[in-house]
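Scroll down for the structure; my scribbles are underneath it.
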Amino acid sequence: MATHDPSIAVKDLSYKFQDGSEGLEHVHLDLPAGSRTLLIGANGAGKTTLLRLLSGKRLAPTNTITVGGVDPFKDTLEGVTYLGVEWVLNSIVRTDIDVPTLLASVGGNAWPARRDELVSILDIDLSWRMHAVSDGERRRVQLAMGLLRPWTVLLLDEITVDLDLLSRSNFLAFLKRETESRPCTIVYATHILDNLAQWPTHLVHMHLGKVRAWGPLEGFYDQVPDWTSENSRLGELVLKWLKEDLKARGPRNPTNSEAGSGSSGQAKSYGAADGIGGYGLEKRGE
Ligand SMILES: Nc1ncnc2c1ncn2[C@@H]1O[C@H](COP(=O)(O)OP(=O)(O)OP(=O)(O)O)[C@@H](O)[C@H]1O
């Protein structure tokens, strides 16, 4: 269903993975139409899990999510664009194909003005062939493809890592203009805060599958009394949150003395000393 008022409301959303582990716990959010929200949290905080649930890629419990007042699982969810890892890995953009053909395949001819604007903003060379471009150039074409169809809700899962500073800045400015010129809403999970201070209207701070805090940007800034620029203020705030989160979580692989429990005291810390080269051993269920 098209959303005229693309607000996003999440009410007491809890989610378990197939292996039974907690993905999200009691998440509440109320993001108004036209807002630009940054989803902040350490690796593993639950940002992707939340975005996938909002996008309908994962099935949320009923009556926990509404987009524009509509339950996306009861009504068709139209106008929601989710750009995440699967989208980035799509192999078509690595084949020997030209840019105009790719853009036409996602509706470029239906929205020619929008197509041309994106090509200009993302500084795309229409003579590129996709098997012979750099990672950042490929990402720019992908972004043009992903953003071409006019969305009402855009869910971005850190997809700007390959962009140079200017391309990223132009891209973020374009998104800001979109929310200011038509009814649409953005939620963006990122670790890269460069030049983002003026961008978000709202922040969501996630930790271990829970939302620790959320609300309009201004409401958070009294937490960072010492800052030298707007940009450093956002960075200081996020650094403070991440340090607090790490402290609250504790070490991932406690040493015997830190573990301090169990009769045998056999808590094991895997690493180079075990001859396994420090590979992460955490299990991912799906
Ligand atoms: N399919 C799965 N089954 C079990 N656990 C999972 C699954 N997918 C993710 N997890 C776990 O859920 C937690 C949250 O993962 P998620 O990908 O949402 O984090 P994130 O905040 O997006 O992290 P990052 O910043 O690294 O992208 C992590 O601890 C992860 O290991």
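So you can find residues: chains in the structure tokens are A, B, ... in the order shown, residues in each start at 1, and ligands are numbered from 1 in order.
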At most 12 Å from ligand 1 (only C-alpha atoms and all ligand atoms): residue list as an MDAnalysis selection string: chainID A and resid 15:25 39:53 58 84:85 156:159 188:192 204:211 242 249 252 280:286
With a distance cut-off of 7 Å and only C-alpha atoms, select the neighbouring residues of Ile8 (chain A), excluding the residue or stretch itself and same-chain residues fewer than 2 positions from it, and output the selection as an mmCIF file with N, CA and C atoms, in the first residue's frame.
data_model
loop_
_atom_site.group_PDB
_atom_site.id
_atom_site.type_symbol
_atom_site.label_atom_id
_atom_site.label_comp_id
_atom_site.auth_asym_id
_atom_site.auth_seq_id
_atom_site.Cartn_x
_atom_site.Cartn_y
_atom_site.Cartn_z
ATOM 1 N N PRO A 6 4.716 8.512 5.517
ATOM 2 C CA PRO A 6 5.600 7.368 5.746
ATOM 3 C C PRO A 6 6.308 7.387 7.104
ATOM 4 N N VAL A 10 7.282 1.158 15.662
ATOM 5 C CA VAL A 10 7.638 -0.193 16.114
ATOM 6 C C VAL A 10 7.178 -0.307 17.573
ATOM 7 N N ASP A 30 9.318 5.391 17.215
ATOM 8 C CA ASP A 30 8.278 6.167 16.544
ATOM 9 C C ASP A 30 8.973 7.219 15.698
ATOM 10 N N LEU A 31 9.218 6.899 14.434
ATOM 11 C CA LEU A 31 10.005 7.786 13.584
ATOM 12 C C LEU A 31 9.050 8.521 12.644
ATOM 13 N N PRO A 32 8.972 9.840 12.789
ATOM 14 C CA PRO A 32 7.968 10.584 12.011
ATOM 15 C C PRO A 32 8.259 10.619 10.518
ATOM 16 N N THR A 66 4.404 -0.834 12.001
ATOM 17 C CA THR A 66 3.561 -0.199 10.976
ATOM 18 C C THR A 66 4.385 0.827 10.214
ATOM 19 N N VAL A 67 4.173 0.842 8.918
ATOM 20 C CA VAL A 67 4.830 1.827 8.053
ATOM 21 C C VAL A 67 3.715 2.628 7.401
ATOM 22 N N GLY A 68 3.693 3.919 7.686
ATOM 23 C CA GLY A 68 2.600 4.754 7.182
ATOM 24 C C GLY A 68 1.255 4.270 7.694
#
With only C-alpha atoms as the counted atoms, please give the residues lying no more than 9 Å from Arg138 (chain A), apart from itself and same-chain residues fewer than 6 positions off, as a tab-separated table (two decimals) with C-alpha atoms, in the first residue's frame.
chain	number	residue	atom	x	y	z
A	93	VAL	CA	26.76	-5.42	-11.57
A	94	ARG	CA	30.00	-7.37	-12.12
A	130	MET	CA	30.58	-2.92	-15.19
A	131	HIS	CA	33.22	-5.66	-15.28
A	162	ASP	CA	33.39	2.31	-0.99
Spatial neighbours of Arg129 (chain A), 12 Å, only C-alpha atoms, chain gap at least 3 places, as number ranges by chain: A: 92-102, 124-126, 132-134, 137-138, 141
